[in-house]
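Engineer: Starting off with a structure, shown below.
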Amino acid sequence: MRVAIVGGGASGLVCAIECAKAGLEVELFEQNKTCGKKILVSGNGKCNITNKFLHTSDFVTSNTALVDEVLKRFGFEEQKRYFASLGLLLHVKEDGRAYPYSYEAKSVLDVLLSAAKQFGVRITTEAKVTKIEKDFTLSIAQRKERFDRVVIAAGSAAASHLGGNRSGYELAEGFGHTVVAPYPSLVQLVSSSKYPKMMSGVKIEAEATLFVNGMKERTQRGDVLFTDYGLSGLAVLDISQKASLALKQYSAVDVALDLIPGWDKNALAKHLVDVAKNNPSFTIETILHTFLPAKIVKALLLFLDIDKSMTQIGMKLAKKIVFRLQRWSFAISETKGFRYAEVSGGGVHANEIDPKTFESKKQKGLYITGEVLDVVGKRGGYNFAFAWGSGFLSALGIIRSSR
């Protein structure tokens, strides 16, 4: 049996390896010059490969059955054993994030490519599949070739600089599949406010709360980075999925930052008053600079219309300052888009996929895996976990059908 894998990312490589290991003839087509570009850049080059605390609630999808099946049959422990069988040991952090012991994404890709070569997977790079006929004849540039089974593992529109595009959706649509409109996720947020630009380059531990149409949606604590365009940092990426989806639906989106999480508002207000009283020559700018970066102090005083040279601070003014430090809201106009997104929400409707085999319900012998599906997970190894799992289960389905 001849199997074509369209896409050399996480799910495509695992599917290819397992099919070839079972003795099937496998050819993998990758549009880029090399496979696994997103693997190489993940986790800032360290590759957050999976997560110990995987749960269905960590994913957004049109059908949780796909995620349930992956986590039940190829969850964290199975993934850990799988990579160990390839010689790749994992280092698991307290928060559940798992990395290769080398802390180099290249080691993950090297192992996968070496396994693919060992089991006889034929990899053709710079080979964009432009069409798949109903009889599984693939059009690749000037070449046409027929296969018995086809796996669409072409990824999503995210990270276009790494080759992310909509080709996977389009190939699936050719077989009558519904595509839930894709949107960027794990992405930076653009604000129309002038103040983030004033604070550009400052990274601070903060609490970011997402509001959609005035309603609180999610709060995340972590680092927040102010930029020329708006907000970035891990806390912002963590709330970006809901923000991006809300923007797609033309909702009003705001992010409120608590720049002093954990502080008691009354105690801090009293501290400001006491410092000013005990140091009458200190300006308000100097006092605030004792616990806040200078750029934030300047932007805050401008926002509150307070003279930076003021030396007298009463309790009313101190409470006004503290209130804004604990809830400084920024209107969000858009995301930074697919170019900067780590992953994409939306994709091929999950209801149209058999969760046990990842075979299309529209076309027997066609399998769809990974990020091209309408499944998106949290930051922290969740999206890779689903990719490995969907690739593995699709391979089992293909192997079973071949027998």
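Chains: A, B, ... in order of the structure tokens. Residues: from 1 per chain. Ligands: from 1, in order shown.
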Hey, could you make a per-residue contact list for region 166-212 of chain A against region 370-392 of chain A with 10 Å as the cut-off, showing the nearest pair of atoms and its distance in Å to one decimal, counting only C-alpha atoms, sorted by chain and number, as a tab-separated table?
Structural biologist:
```
residue	atom	partner	partner_atom	distance
A:Arg166	CA	A:Val372	CA	8.5
A:Ser167	CA	A:Val372	CA	9.2
A:Gly168	CA	A:Val372	CA	6.1
A:Tyr169	CA	A:Val372	CA	6.5
A:Ala172	CA	A:Val372	CA	9.1
A:Val179	CA	A:Asp374	CA	7.9
A:Val180	CA	A:Asp374	CA	6.7
A:Ala181	CA	A:Asp374	CA	9.1
A:Pro182	CA	A:Asp374	CA	8.2
A:Ser185	CA	A:Val376	CA	8.0
A:Leu186	CA	A:Arg379	CA	7.0
```
Engineer: Leaving out Lys46 (chain A) and any residue of its chain fewer than 4 positions from it, which residues lie within 8 Å of it when counting only C-alpha atoms, given as an MDAnalysis selection string?
Structural biologist: chainID A and resid 40:42 99:100 103:105
Engineer: Kindly export the residues of the current selection with C-alpha atoms, as an mmCIF file, in the first residue's frame.
Structural biologist:
```
data_model
loop_
_atom_site.group_PDB
_atom_site.id
_atom_site.type_symbol
_atom_site.label_atom_id
_atom_site.label_comp_id
_atom_site.auth_asym_id
_atom_site.auth_seq_id
_atom_site.Cartn_x
_atom_site.Cartn_y
_atom_site.Cartn_z
ATOM 1 C CA LEU A 40 12.954 24.092 15.243
ATOM 2 C CA VAL A 41 11.671 27.475 16.450
ATOM 3 C CA SER A 42 9.282 26.193 19.125
ATOM 4 C CA TYR A 99 11.460 19.460 26.831
ATOM 5 C CA PRO A 100 14.104 17.210 25.297
ATOM 6 C CA TYR A 103 16.936 21.610 25.412
ATOM 7 C CA GLU A 104 17.521 21.869 21.683
ATOM 8 C CA ALA A 105 14.634 21.632 19.228
#
```
Engineer: Using only C-alpha atoms, which protein or nucleic acid residues come within 10 Å of Glu133 (chain A)? Drop anything in the same chain fewer than 5 positions from it, and give the result as a list in words.
Structural biologist: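 With the cut-off at 10 Å, the set is Leu138, Ser139, Arg146, Leu171, Gly174 and Phe175 of chain A.
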Engineer: Skipping near chain neighbours, those fewer than 3 positions away, what residues fall within 9 Å of region 8-10 of chain A using only C-alpha atoms, listed as a PyMOL selection string?
Structural biologist: chain A and resi 5+13-16+28-32+34-39+109+112+123+125+153-155+370+384+387-388+391
Engineer: As a PyMOL selection string, please: every residue in region 74-320 of chain A that DSSP puts in strand (DSSP E).
Structural biologist: chain A and resi 90-92+97-100+122-124+129-132+137-140+143-146+149-152+179-185+189-191+203-212+215-226+230-232+253-258
Engineer: May I ask which of the residues A:Gly347, A:Gly176, A:Gly337, A:Gly233 is the closest one to Gly201 (chain A), counting only C-alpha atoms?
Structural biologist: A:Gly233
Engineer: Select, from A:Arg143, A:Ala116, A:Ala235, A:Ile368, the residue with the minimum atom-to-atom distance to Lys128 (chain A), counting only C-alpha atoms.
Structural biologist: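 Closest residue, counting only C-alpha atoms: A:Arg143.
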Engineer: Within 8 Å of region 309-314 of chain A, counting only C-alpha atoms, which residues qualify if same-chain residues fewer than 6 places away don't, as JSON, numbers by chain?
Structural biologist: {"A": [272, 273, 276, 277, 280, 281, 282, 283, 284, 285]}
